[in-house]
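Shown next: start.cif, containing mmCIF, C-alpha atoms, pLDDT in the B column; chains and numbers go by the auth columns.
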data_work
loop_
_atom_site.group_PDB
_atom_site.id
_atom_site.type_symbol
_atom_site.label_atom_id
_atom_site.label_comp_id
_atom_site.label_asym_id
_atom_site.label_seq_id
_atom_site.Cartn_x
_atom_site.Cartn_y
_atom_site.Cartn_z
_atom_site.B_iso_or_equiv
_atom_site.auth_seq_id
_atom_site.auth_asym_id
ATOM 1 C CA MET A 1 -38.391 -74.592 15.650 96.00 137 X
ATOM 2 C CA ARG A 2 -36.536 -71.408 14.723 98.00 138 X
ATOM 3 C CA ILE A 3 -38.620 -68.912 12.770 98.00 139 X
ATOM 4 C CA ALA A 4 -37.813 -65.588 11.109 98.00 140 X
ATOM 5 C CA MET A 5 -40.862 -63.390 10.447 98.00 141 X
ATOM 6 C CA ILE A 6 -40.168 -60.714 7.840 98.00 142 X
ATOM 7 C CA GLY A 7 -42.531 -57.817 8.490 96.00 143 X
ATOM 8 C CA THR A 8 -44.098 -56.608 11.739 95.00 144 X
ATOM 9 C CA GLY A 9 -47.420 -55.410 10.393 93.00 145 X
ATOM 10 C CA TYR A 10 -50.747 -56.873 11.421 93.00 146 X
ATOM 11 C CA VAL A 11 -50.127 -60.374 10.030 95.00 147 X
ATOM 12 C CA GLY A 12 -46.427 -60.559 10.872 97.00 148 X
ATOM 13 C CA LEU A 13 -46.695 -59.393 14.468 97.00 149 X
ATOM 14 C CA VAL A 14 -49.747 -61.495 15.345 97.00 150 X
ATOM 15 C CA SER A 15 -48.289 -64.587 13.648 97.00 151 X
ATOM 16 C CA GLY A 16 -44.859 -64.096 15.205 98.00 152 X
ATOM 17 C CA ALA A 17 -46.263 -63.670 18.712 97.00 153 X
ATOM 18 C CA CYS A 18 -48.545 -66.695 18.345 98.00 154 X
ATOM 19 C CA PHE A 19 -45.758 -68.906 16.976 98.00 155 X
ATOM 20 C CA ALA A 20 -43.616 -67.866 19.934 98.00 156 X
ATOM 21 C CA ASP A 21 -46.485 -68.745 22.251 97.00 157 X
ATOM 22 C CA PHE A 22 -46.497 -72.215 20.661 96.00 158 X
ATOM 23 C CA GLY A 23 -42.941 -72.569 22.018 97.00 159 X
ATOM 24 C CA HIS A 24 -40.937 -71.706 18.883 98.00 160 X
ATOM 25 C CA ASP A 25 -38.017 -69.254 18.831 98.00 161 X
ATOM 26 C CA VAL A 26 -39.190 -66.313 16.709 98.00 162 X
ATOM 27 C CA THR A 27 -37.394 -63.227 15.476 98.00 163 X
ATOM 28 C CA CYS A 28 -39.517 -60.544 13.825 98.00 164 X
ATOM 29 C CA VAL A 29 -37.657 -58.386 11.308 98.00 165 X
ATOM 30 C CA ASP A 30 -38.588 -54.945 10.031 96.00 166 X
ATOM 31 C CA LYS A 31 -36.599 -52.230 8.263 94.00 167 X
ATOM 32 C CA ASP A 32 -38.455 -49.522 10.212 94.00 168 X
ATOM 33 C CA GLU A 33 -35.995 -48.724 13.015 95.00 169 X
ATOM 34 C CA LYS A 34 -38.558 -46.680 14.957 95.00 170 X
ATOM 35 C CA LYS A 35 -41.041 -49.548 14.928 94.00 171 X
ATOM 36 C CA ILE A 36 -38.434 -52.052 16.147 96.00 172 X
ATOM 37 C CA ALA A 37 -37.275 -49.650 18.866 96.00 173 X
ATOM 38 C CA ALA A 38 -40.899 -49.228 19.984 94.00 174 X
ATOM 39 C CA LEU A 39 -41.403 -52.992 20.090 96.00 175 X
ATOM 40 C CA HIS A 40 -38.281 -53.341 22.242 94.00 176 X
ATOM 41 C CA ARG A 41 -39.892 -50.845 24.622 93.00 177 X
ATOM 42 C CA GLY A 42 -43.035 -52.960 24.691 91.00 178 X
ATOM 43 C CA GLU A 43 -45.064 -50.551 22.540 92.00 179 X
ATOM 44 C CA ILE A 44 -47.341 -52.346 20.051 93.00 180 X
ATOM 45 C CA PRO A 45 -47.850 -50.416 16.766 89.00 181 X
ATOM 46 C CA ILE A 46 -51.303 -51.904 16.098 89.00 182 X
ATOM 47 C CA TYR A 47 -54.349 -52.488 18.249 89.00 183 X
ATOM 48 C CA GLU A 48 -55.430 -56.080 18.663 93.00 184 X
ATOM 49 C CA PRO A 49 -57.004 -57.295 21.923 94.00 185 X
ATOM 50 C CA GLY A 50 -54.526 -59.331 23.968 95.00 186 X
ATOM 51 C CA LEU A 51 -51.570 -58.774 21.639 96.00 187 X
ATOM 52 C CA ASP A 52 -49.611 -56.546 24.030 95.00 188 X
ATOM 53 C CA GLU A 53 -49.761 -59.193 26.792 96.00 189 X
ATOM 54 C CA LEU A 54 -48.902 -61.983 24.335 97.00 190 X
ATOM 55 C CA VAL A 55 -45.858 -60.101 23.026 97.00 191 X
ATOM 56 C CA ALA A 56 -44.681 -59.122 26.512 96.00 192 X
ATOM 57 C CA SER A 57 -44.916 -62.649 27.935 97.00 193 X
ATOM 58 C CA ASN A 58 -43.004 -64.213 25.045 97.00 194 X
ATOM 59 C CA VAL A 59 -40.321 -61.504 25.027 97.00 195 X
ATOM 60 C CA LYS A 60 -39.889 -62.162 28.768 96.00 196 X
ATOM 61 C CA ALA A 61 -39.601 -65.898 28.069 97.00 197 X
ATOM 62 C CA LYS A 62 -36.935 -65.095 25.430 96.00 198 X
ATOM 63 C CA ARG A 63 -38.924 -66.808 22.662 97.00 199 X
ATOM 64 C CA LEU A 64 -39.665 -63.567 20.794 98.00 200 X
ATOM 65 C CA ASP A 65 -37.240 -60.898 19.622 97.00 201 X
ATOM 66 C CA PHE A 66 -37.152 -57.985 17.171 98.00 202 X
ATOM 67 C CA THR A 67 -34.448 -56.691 14.845 97.00 203 X
ATOM 68 C CA THR A 68 -33.839 -54.623 11.715 97.00 204 X
ATOM 69 C CA ASP A 69 -31.192 -57.026 10.353 96.00 205 X
ATOM 70 C CA LEU A 70 -32.514 -60.239 8.823 96.00 206 X
ATOM 71 C CA SER A 71 -29.150 -61.896 8.082 96.00 207 X
ATOM 72 C CA LYS A 72 -28.682 -63.853 11.346 97.00 208 X
ATOM 73 C CA PRO A 73 -32.368 -64.743 11.941 97.00 209 X
ATOM 74 C CA VAL A 74 -32.656 -66.050 8.376 98.00 210 X
ATOM 75 C CA ALA A 75 -29.378 -67.984 8.568 97.00 211 X
ATOM 76 C CA ASP A 76 -30.518 -69.666 11.795 97.00 212 X
ATOM 77 C CA ALA A 77 -34.127 -70.284 10.738 98.00 213 X
ATOM 78 C CA ASP A 78 -35.898 -73.523 9.899 98.00 214 X
ATOM 79 C CA ALA A 79 -38.609 -71.418 8.271 98.00 215 X
ATOM 80 C CA VAL A 80 -38.721 -67.816 7.060 98.00 216 X
ATOM 81 C CA PHE A 81 -42.153 -66.220 6.703 98.00 217 X
ATOM 82 C CA ILE A 82 -42.664 -63.301 4.330 98.00 218 X
ATOM 83 C CA ALA A 83 -45.382 -61.095 5.849 97.00 219 X
ATOM 84 C CA VAL A 84 -44.682 -57.745 4.202 96.00 220 X
ATOM 85 C CA GLY A 85 -47.292 -55.426 2.729 92.00 221 X
ATOM 86 C CA THR A 86 -48.816 -55.925 -0.718 91.00 222 X
ATOM 87 C CA PRO A 87 -50.737 -52.656 -1.131 87.00 223 X
ATOM 88 C CA SER A 88 -53.297 -52.360 -3.924 85.00 224 X
ATOM 89 C CA ARG A 89 -52.571 -49.779 -6.617 77.00 225 X
ATOM 90 C CA ARG A 90 -55.140 -47.031 -6.894 76.00 226 X
ATOM 91 C CA GLY A 91 -57.320 -47.270 -9.949 75.00 227 X
ATOM 92 C CA ASP A 92 -56.911 -50.898 -11.011 77.00 228 X
ATOM 93 C CA GLY A 93 -56.308 -52.685 -7.684 78.00 229 X
ATOM 94 C CA HIS A 94 -53.037 -54.208 -8.941 85.00 230 X
ATOM 95 C CA ALA A 95 -51.072 -55.738 -6.039 87.00 231 X
ATOM 96 C CA ASP A 96 -47.690 -54.123 -5.449 89.00 232 X
ATOM 97 C CA LEU A 97 -45.362 -57.094 -4.937 95.00 233 X
ATOM 98 C CA SER A 98 -42.136 -55.096 -4.801 94.00 234 X
ATOM 99 C CA TYR A 99 -41.793 -55.597 -1.026 95.00 235 X
ATOM 100 C CA VAL A 100 -42.299 -59.361 -1.365 97.00 236 X
ATOM 101 C CA TYR A 101 -39.708 -59.660 -4.132 97.00 237 X
ATOM 102 C CA ALA A 102 -37.211 -57.416 -2.317 97.00 238 X
ATOM 103 C CA ALA A 103 -37.610 -59.566 0.793 97.00 239 X
ATOM 104 C CA ALA A 104 -37.085 -62.744 -1.250 98.00 240 X
ATOM 105 C CA LYS A 105 -33.835 -61.408 -2.692 98.00 241 X
ATOM 106 C CA GLU A 106 -32.529 -60.328 0.709 97.00 242 X
ATOM 107 C CA ILE A 107 -33.548 -63.634 2.301 98.00 243 X
ATOM 108 C CA ALA A 108 -31.728 -65.575 -0.433 98.00 244 X
ATOM 109 C CA GLN A 109 -28.455 -63.867 0.419 97.00 245 X
ATOM 110 C CA SER A 110 -28.601 -65.077 4.039 97.00 246 X
ATOM 111 C CA LEU A 111 -29.933 -68.629 3.717 97.00 247 X
ATOM 112 C CA SER A 112 -27.905 -71.358 5.390 96.00 248 X
ATOM 113 C CA GLY A 113 -28.834 -75.039 5.406 96.00 249 X
ATOM 114 C CA PHE A 114 -32.258 -76.374 4.502 98.00 250 X
ATOM 115 C CA THR A 115 -34.906 -73.670 4.911 98.00 251 X
ATOM 116 C CA VAL A 116 -38.589 -73.313 4.075 98.00 252 X
ATOM 117 C CA VAL A 117 -39.452 -69.831 2.804 98.00 253 X
ATOM 118 C CA VAL A 118 -43.155 -69.215 3.318 98.00 254 X
ATOM 119 C CA THR A 119 -45.294 -66.521 1.729 97.00 255 X
ATOM 120 C CA LYS A 120 -47.883 -65.372 4.283 96.00 256 X
ATOM 121 C CA SER A 121 -48.708 -62.074 2.583 91.00 257 X
ATOM 122 C CA THR A 122 -51.817 -62.029 0.388 90.00 258 X
ATOM 123 C CA VAL A 123 -50.402 -62.414 -3.122 94.00 259 X
ATOM 124 C CA PRO A 124 -51.734 -63.217 -6.612 92.00 260 X
ATOM 125 C CA VAL A 125 -51.582 -66.806 -7.823 94.00 261 X
ATOM 126 C CA GLY A 126 -48.123 -67.599 -9.161 95.00 262 X
ATOM 127 C CA THR A 127 -46.241 -65.243 -6.820 96.00 263 X
ATOM 128 C CA GLY A 128 -44.590 -68.224 -5.125 97.00 264 X
ATOM 129 C CA ASP A 129 -43.110 -69.250 -8.476 97.00 265 X
ATOM 130 C CA GLU A 130 -41.503 -65.832 -8.846 97.00 266 X
ATOM 131 C CA VAL A 131 -40.264 -65.846 -5.232 98.00 267 X
ATOM 132 C CA GLU A 132 -38.610 -69.208 -5.887 98.00 268 X
ATOM 133 C CA ARG A 133 -37.077 -67.932 -9.129 98.00 269 X
ATOM 134 C CA ILE A 134 -35.631 -64.878 -7.377 98.00 270 X
ATOM 135 C CA ILE A 135 -34.159 -66.962 -4.554 98.00 271 X
ATOM 136 C CA ARG A 136 -32.574 -69.495 -6.908 97.00 272 X
ATOM 137 C CA GLU A 137 -31.235 -66.763 -9.180 97.00 273 X
ATOM 138 C CA THR A 138 -29.764 -64.861 -6.223 98.00 274 X
ATOM 139 C CA ASN A 139 -28.384 -67.935 -4.444 97.00 275 X
ATOM 140 C CA PRO A 140 -28.166 -70.986 -6.779 97.00 276 X
ATOM 141 C CA LEU A 141 -26.752 -73.144 -3.973 96.00 277 X
ATOM 142 C CA ALA A 142 -29.603 -72.488 -1.548 96.00 278 X
ATOM 143 C CA ASP A 143 -31.310 -75.612 -0.182 97.00 279 X
ATOM 144 C CA VAL A 144 -34.781 -74.121 -0.050 98.00 280 X
ATOM 145 C CA VAL A 145 -38.455 -74.936 -0.452 98.00 281 X
ATOM 146 C CA VAL A 146 -40.877 -72.093 -1.175 98.00 282 X
ATOM 147 C CA ALA A 147 -44.362 -72.608 0.272 98.00 283 X
ATOM 148 C CA SER A 148 -47.597 -70.660 0.597 97.00 284 X
ATOM 149 C CA ASN A 149 -49.382 -70.318 3.953 97.00 285 X
ATOM 150 C CA PRO A 150 -52.195 -67.761 3.621 96.00 286 X
ATOM 151 C CA GLU A 151 -53.645 -66.107 6.711 94.00 287 X
ATOM 152 C CA PHE A 152 -57.317 -65.991 7.666 93.00 288 X
ATOM 153 C CA LEU A 153 -57.263 -63.528 10.567 94.00 289 X
ATOM 154 C CA ARG A 154 -60.095 -61.207 11.532 92.00 290 X
ATOM 155 C CA GLU A 155 -59.252 -57.904 13.161 91.00 291 X
ATOM 156 C CA GLY A 156 -60.340 -57.987 16.781 93.00 292 X
ATOM 157 C CA ALA A 157 -60.218 -61.785 16.906 94.00 293 X
ATOM 158 C CA ALA A 158 -56.837 -62.457 15.296 95.00 294 X
ATOM 159 C CA ILE A 159 -55.189 -64.276 18.213 95.00 295 X
ATOM 160 C CA ARG A 160 -58.135 -66.616 18.669 94.00 296 X
ATOM 161 C CA ASP A 161 -58.327 -67.155 14.878 94.00 297 X
ATOM 162 C CA PHE A 162 -54.635 -68.080 14.835 95.00 298 X
ATOM 163 C CA LYS A 163 -54.814 -70.458 17.799 93.00 299 X
ATOM 164 C CA TYR A 164 -58.206 -72.002 17.007 92.00 300 X
ATOM 165 C CA PRO A 165 -58.383 -71.889 13.190 92.00 301 X
ATOM 166 C CA ASP A 166 -61.056 -73.437 10.985 89.00 302 X
ATOM 167 C CA ARG A 167 -58.231 -74.589 8.750 90.00 303 X
ATOM 168 C CA VAL A 168 -54.514 -74.086 8.131 95.00 304 X
ATOM 169 C CA VAL A 169 -53.621 -74.151 4.442 96.00 305 X
ATOM 170 C CA VAL A 170 -50.055 -74.985 3.395 97.00 306 X
ATOM 171 C CA GLY A 171 -49.150 -74.954 -0.273 97.00 307 X
ATOM 172 C CA THR A 172 -46.177 -77.210 -0.967 97.00 308 X
ATOM 173 C CA SER A 173 -45.699 -80.613 -2.580 94.00 309 X
ATOM 174 C CA ASP A 174 -42.201 -81.059 -1.100 97.00 310 X
ATOM 175 C CA GLU A 175 -42.053 -83.695 1.662 97.00 311 X
ATOM 176 C CA ARG A 176 -39.321 -81.903 3.617 97.00 312 X
ATOM 177 C CA GLY A 177 -41.319 -78.684 3.435 97.00 313 X
ATOM 178 C CA ARG A 178 -44.437 -80.480 4.656 97.00 314 X
ATOM 179 C CA LYS A 179 -42.556 -81.890 7.629 96.00 315 X
ATOM 180 C CA VAL A 180 -41.214 -78.498 8.711 97.00 316 X
ATOM 181 C CA MET A 181 -44.624 -76.859 8.369 97.00 317 X
ATOM 182 C CA GLY A 182 -46.254 -79.776 10.179 95.00 318 X
ATOM 183 C CA ASP A 183 -43.791 -79.364 13.058 95.00 319 X
ATOM 184 C CA ILE A 184 -44.446 -75.619 13.229 96.00 320 X
ATOM 185 C CA TYR A 185 -48.204 -76.071 13.447 95.00 321 X
ATOM 186 C CA ARG A 186 -48.113 -79.256 15.576 92.00 322 X
ATOM 187 C CA PRO A 187 -49.255 -77.447 18.770 91.00 323 X
ATOM 188 C CA LEU A 188 -52.564 -76.779 16.998 89.00 324 X
ATOM 189 C CA SER A 189 -53.243 -80.524 16.824 78.00 325 X
ATOM 190 C CA LEU A 190 -54.342 -80.266 20.452 72.00 326 X
ATOM 191 C CA ASN A 191 -57.219 -78.133 19.159 68.00 327 X
ATOM 192 C CA GLN A 192 -57.809 -80.558 16.255 69.00 328 X
ATOM 193 C CA ALA A 193 -57.182 -77.859 13.640 69.00 329 X
ATOM 194 C CA PRO A 194 -57.264 -79.323 10.117 82.00 330 X
ATOM 195 C CA LEU A 195 -53.883 -78.892 8.433 89.00 331 X
ATOM 196 C CA MET A 196 -54.484 -78.957 4.681 92.00 332 X
ATOM 197 C CA PHE A 197 -51.588 -79.522 2.294 95.00 333 X
ATOM 198 C CA THR A 198 -52.109 -78.452 -1.322 96.00 334 X
ATOM 199 C CA GLU A 199 -50.084 -77.400 -4.328 96.00 335 X
ATOM 200 C CA ARG A 200 -48.580 -73.916 -3.900 96.00 336 X
ATOM 201 C CA ARG A 201 -50.765 -72.212 -6.522 96.00 337 X
ATOM 202 C CA THR A 202 -53.840 -73.887 -5.031 97.00 338 X
ATOM 203 C CA ALA A 203 -53.039 -72.380 -1.624 96.00 339 X
ATOM 204 C CA GLU A 204 -52.651 -68.943 -3.198 95.00 340 X
ATOM 205 C CA MET A 205 -56.010 -69.389 -4.929 96.00 341 X
ATOM 206 C CA ILE A 206 -57.685 -70.541 -1.693 95.00 342 X
ATOM 207 C CA LYS A 207 -56.864 -67.198 -0.087 94.00 343 X
ATOM 208 C CA TYR A 208 -58.517 -65.234 -2.890 93.00 344 X
ATOM 209 C CA ALA A 209 -61.493 -67.605 -2.991 96.00 345 X
ATOM 210 C CA ALA A 210 -61.974 -67.179 0.786 94.00 346 X
ATOM 211 C CA ASN A 211 -61.754 -63.381 0.519 93.00 347 X
ATOM 212 C CA ALA A 212 -64.203 -63.301 -2.385 95.00 348 X
ATOM 213 C CA PHE A 213 -66.623 -65.661 -0.620 95.00 349 X
ATOM 214 C CA LEU A 214 -66.554 -63.482 2.507 92.00 350 X
ATOM 215 C CA ALA A 215 -67.303 -60.398 0.399 94.00 351 X
ATOM 216 C CA THR A 216 -70.149 -62.272 -1.284 96.00 352 X
ATOM 217 C CA LYS A 217 -71.633 -63.316 2.068 95.00 353 X
ATOM 218 C CA ILE A 218 -71.438 -59.754 3.392 94.00 354 X
ATOM 219 C CA THR A 219 -73.089 -58.337 0.258 96.00 355 X
ATOM 220 C CA PHE A 220 -75.772 -61.020 0.358 96.00 356 X
ATOM 221 C CA ILE A 221 -76.681 -60.527 4.032 96.00 357 X
ATOM 222 C CA ASN A 222 -76.791 -56.742 3.529 96.00 358 X
ATOM 223 C CA GLU A 223 -79.403 -57.289 0.817 97.00 359 X
ATOM 224 C CA ILE A 224 -81.335 -59.631 3.119 97.00 360 X
ATOM 225 C CA ALA A 225 -81.119 -57.009 5.898 97.00 361 X
ATOM 226 C CA ASP A 226 -82.726 -54.408 3.613 97.00 362 X
ATOM 227 C CA LEU A 227 -85.466 -56.854 2.668 96.00 363 X
ATOM 228 C CA SER A 228 -85.983 -57.895 6.303 96.00 364 X
ATOM 229 C CA GLU A 229 -86.428 -54.276 7.310 95.00 365 X
ATOM 230 C CA LYS A 230 -89.124 -53.833 4.653 96.00 366 X
ATOM 231 C CA VAL A 231 -91.078 -56.954 5.633 96.00 367 X
ATOM 232 C CA GLY A 232 -90.588 -56.698 9.403 95.00 368 X
ATOM 233 C CA ALA A 233 -88.271 -59.715 9.819 94.00 369 X
ATOM 234 C CA ASN A 234 -85.359 -60.034 12.266 95.00 370 X
ATOM 235 C CA VAL A 235 -82.230 -60.222 10.101 94.00 371 X
ATOM 236 C CA GLN A 236 -80.042 -61.463 12.991 94.00 372 X
ATOM 237 C CA GLU A 237 -82.234 -64.516 13.369 94.00 373 X
ATOM 238 C CA VAL A 238 -82.368 -64.897 9.583 93.00 374 X
ATOM 239 C CA ALA A 239 -78.566 -64.903 9.479 92.00 375 X
#
Before anything else, please render the file you have as structure tokens.
Amino acid sequence: MRIAMIGTGYVGLVSGACFADFGHDVTCVDKDEKKIAALHRGEIPIYEPGLDELVASNVKAKRLDFTTDLSKPVADADAVFIAVGTPSRRGDGHADLSYVYAAAKEIAQSLSGFTVVVTKSTVPVGTGDEVERIIRETNPLADVVVASNPEFLREGAAIRDFKYPDRVVVGTSDERGRKVMGDIYRPLSLNQAPLMFTERRTAEMIKYAANAFLATKITFINEIADLSEKVGANVQEVA
């Protein structure tokens, strides 16, 4: 499959390198010229164990490339993943979706043939609806399906999490979109990873539910750790 990954941050770079390692042709796109130049030199802008070797081996195999211009990668792609930042606003935690929407508009201008546009960034429920609206408004003739594919990567274990996931969630009810996403993740079937197809908004909600549940578990075990310390119990064994 041919994949365009928009954004070379933590999620975009790890996902792009892992998809390339699955055997897909991946082009990672970023507007930051210095970052792309560094990646061409083999310099990884983030630290993640094993990522430098993974990137280097797939660049050498010509399955992974980097560019600042998304027009050709998007035109050639079977799937375009949006993995740009969605920083939280100070004060109220509001997610800044301007990068996601700007990417959607730029992607729309370069689409050619049937393409699945996939939101991988962490976004509020309903963002996929707006991404689809922007694409259709910008390019009414585009043959496109907009899907959600949230990430569940832990820093320090991201490559293993990507290749041996507990679950892969894909939010789309379109059969053509399901087929493309199924083909992209097919190499994971060797590891028996459950591929879950849901409605798009459900997939977006799953990401927030997972994040909230993780925060709840951390808060809970911290309380248990305090209690264990007081009563002389071993919290690691409790956990």
One-decimal distance in Å that lies between atom CA of X:Ile139 and atom CA of X:Tyr237: 19.3 Å
Using the chain letters and numbers from the file, give me the residues hit by the PyMOL selection byres ((chain X and resi 325-342) around 12), as an MDAnalysis selection string. chainID X and resid 158 254:268 281:288 296:311 313:315 317:324 343:349
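Near stretch 192-201 of chain X, within 10 Å and counting only C-alpha atoms, sit Arg138, Ile139, Ala140, Gly152, Ala153, Cys154, Phe155, Ala156, Asp157, Phe158, Gly159, His160, Asp161, Val162, Thr163, Cys164, Val165, Ile172, Leu175, His176, Arg177, Gly178, Glu179, Ile180, Leu187, Asp188, Glu189 and Pro209 of chain X, not including residues fewer than 3 positions from it in the same chain.
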Just-selected residues, C-alpha atoms written as a compact mmCIF listing (two decimals), in the frame of the given file:
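Output saved as again_27.txt:
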# COMPACT_ATOMS: atom_id res chain seq x y z
CA ARG X 138 -36.54 -71.41 14.72
CA ILE X 139 -38.62 -68.91 12.77
CA ALA X 140 -37.81 -65.59 11.11
CA GLY X 152 -44.86 -64.10 15.20
CA ALA X 153 -46.26 -63.67 18.71
CA CYS X 154 -48.54 -66.69 18.34
CA PHE X 155 -45.76 -68.91 16.98
CA ALA X 156 -43.62 -67.87 19.93
CA ASP X 157 -46.48 -68.74 22.25
CA PHE X 158 -46.50 -72.22 20.66
CA GLY X 159 -42.94 -72.57 22.02
CA HIS X 160 -40.94 -71.71 18.88
CA ASP X 161 -38.02 -69.25 18.83
CA VAL X 162 -39.19 -66.31 16.71
CA THR X 163 -37.39 -63.23 15.48
CA CYS X 164 -39.52 -60.54 13.82
CA VAL X 165 -37.66 -58.39 11.31
CA ILE X 172 -38.43 -52.05 16.15
CA LEU X 175 -41.40 -52.99 20.09
CA HIS X 176 -38.28 -53.34 22.24
CA ARG X 177 -39.89 -50.84 24.62
CA GLY X 178 -43.04 -52.96 24.69
CA GLU X 179 -45.06 -50.55 22.54
CA ILE X 180 -47.34 -52.35 20.05
CA LEU X 187 -51.57 -58.77 21.64
CA ASP X 188 -49.61 -56.55 24.03
CA GLU X 189 -49.76 -59.19 26.79
CA PRO X 209 -32.37 -64.74 11.94
Residue nearest X:Ala239 among X:Arg272, X:Arg226, X:Lys167, X:Arg290 (counting all atoms listed in the file): X:Lys167
Computed interatomic separation between atom CA of X:Asp166 and atom CA of X:Thr203 (Å):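 Separating atom CA of X:Asp166 from atom CA of X:Thr203 is a distance of 6.6 Å.
One finds atom CA of X:Met137 at 17.3 Å from atom CA of X:Val150.
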Report the residues retrieved by the PyMOL selection byres ((chain X and resi 181) around 9) from the displayed file, expressed as a short mmCIF file (atom, residue, chain, number, x, y, z; two decimals) with C-alpha atoms, keeping the file's coordinate frame.
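Below is the file that was written, expr15.cif:
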data_model
loop_
_atom_site.label_atom_id
_atom_site.label_comp_id
_atom_site.auth_asym_id
_atom_site.auth_seq_id
_atom_site.Cartn_x
_atom_site.Cartn_y
_atom_site.Cartn_z
CA THR X 144 -44.10 -56.61 11.74
CA GLY X 145 -47.42 -55.41 10.39
CA TYR X 146 -50.75 -56.87 11.42
CA LYS X 171 -41.04 -49.55 14.93
CA ALA X 174 -40.90 -49.23 19.98
CA LEU X 175 -41.40 -52.99 20.09
CA GLU X 179 -45.06 -50.55 22.54
CA ILE X 180 -47.34 -52.35 20.05
CA ILE X 182 -51.30 -51.90 16.10
CA TYR X 183 -54.35 -52.49 18.25
#
Identify, on the basis of all atoms listed in the file, every residue whose closest approach to stretch 366-371 of chain X does not exceed 9 Å; exclude the query and any residue fewer than 5 positions from it along the same chain; express the result as a VMD selection string. chain X and resid 357 360 to 361
Measuring atom to atom with all atoms listed in the file, identify which of X:Leu277, X:Ala211, X:Val220, X:Ala294 is nearest to X:Thr251.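 Among X:Leu277, X:Ala211, X:Val220, X:Ala294, it is X:Ala211 that comes nearest to X:Thr251.
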X:Glu242 proximity check over X:Thr352, X:Gln372, X:Ser207, X:Ser151, using all atoms listed in the file: winner is X:Ser207
Of the listed residues X:Ala238, X:Ala173, X:Leu247, X:Ala293, that which approaches X:Asp214 most closely, counting all atoms listed in the file: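 The shortest atom-to-atom distance to X:Asp214 comes from X:Leu247.
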Provide stretch 330-344 of chain X of the preceding structure as a file containing N, CA and C atoms, as an mmCIF file, in the first residue's frame.
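Output file part.cif is given in full below:
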data_model
loop_
_atom_site.group_PDB
_atom_site.id
_atom_site.type_symbol
_atom_site.label_atom_id
_atom_site.label_comp_id
_atom_site.auth_asym_id
_atom_site.auth_seq_id
_atom_site.Cartn_x
_atom_site.Cartn_y
_atom_site.Cartn_z
ATOM 1 N N PRO X 330 -6.339 -7.831 17.382
ATOM 2 C CA PRO X 330 -7.757 -7.622 17.057
ATOM 3 C C PRO X 330 -7.962 -6.292 16.342
ATOM 4 N N LEU X 331 -8.494 -6.362 15.128
ATOM 5 C CA LEU X 331 -8.816 -5.160 14.361
ATOM 6 C C LEU X 331 -10.292 -4.883 14.559
ATOM 7 N N MET X 332 -10.594 -3.780 15.247
ATOM 8 C CA MET X 332 -11.977 -3.446 15.589
ATOM 9 C C MET X 332 -12.486 -2.320 14.692
ATOM 10 N N PHE X 333 -13.571 -2.581 13.976
ATOM 11 C CA PHE X 333 -14.190 -1.552 13.156
ATOM 12 C C PHE X 333 -15.410 -1.009 13.887
ATOM 13 N N THR X 334 -15.485 0.325 13.969
ATOM 14 C CA THR X 334 -16.601 0.988 14.647
ATOM 15 C C THR X 334 -17.061 2.166 13.798
ATOM 16 N N GLU X 335 -18.092 2.843 14.258
ATOM 17 C CA GLU X 335 -18.447 4.127 13.654
ATOM 18 C C GLU X 335 -17.330 5.126 13.971
ATOM 19 N N ARG X 336 -17.204 6.167 13.139
ATOM 20 C CA ARG X 336 -16.100 7.119 13.288
ATOM 21 C C ARG X 336 -16.125 7.820 14.643
ATOM 22 N N ARG X 337 -17.285 8.304 15.052
ATOM 23 C CA ARG X 337 -17.380 9.007 16.345
ATOM 24 C C ARG X 337 -17.087 8.052 17.510
ATOM 25 N N THR X 338 -17.452 6.794 17.349
ATOM 26 C CA THR X 338 -17.168 5.808 18.395
ATOM 27 C C THR X 338 -15.669 5.637 18.554
ATOM 28 N N ALA X 339 -14.940 5.584 17.446
ATOM 29 C CA ALA X 339 -13.480 5.452 17.504
ATOM 30 C C ALA X 339 -12.852 6.656 18.196
ATOM 31 N N GLU X 340 -13.363 7.845 17.882
ATOM 32 C CA GLU X 340 -12.851 9.056 18.530
ATOM 33 C C GLU X 340 -13.115 9.012 20.029
ATOM 34 N N MET X 341 -14.283 8.490 20.413
ATOM 35 C CA MET X 341 -14.628 8.398 21.829
ATOM 36 C C MET X 341 -13.786 7.348 22.538
ATOM 37 N N ILE X 342 -13.467 6.252 21.845
ATOM 38 C CA ILE X 342 -12.638 5.189 22.423
ATOM 39 C C ILE X 342 -11.295 5.743 22.868
ATOM 40 N N LYS X 343 -10.717 6.620 22.075
ATOM 41 C CA LYS X 343 -9.415 7.199 22.430
ATOM 42 C C LYS X 343 -9.508 7.976 23.742
ATOM 43 N N TYR X 344 -10.541 8.788 23.881
ATOM 44 C CA TYR X 344 -10.684 9.577 25.110
ATOM 45 C C TYR X 344 -11.027 8.682 26.300
#
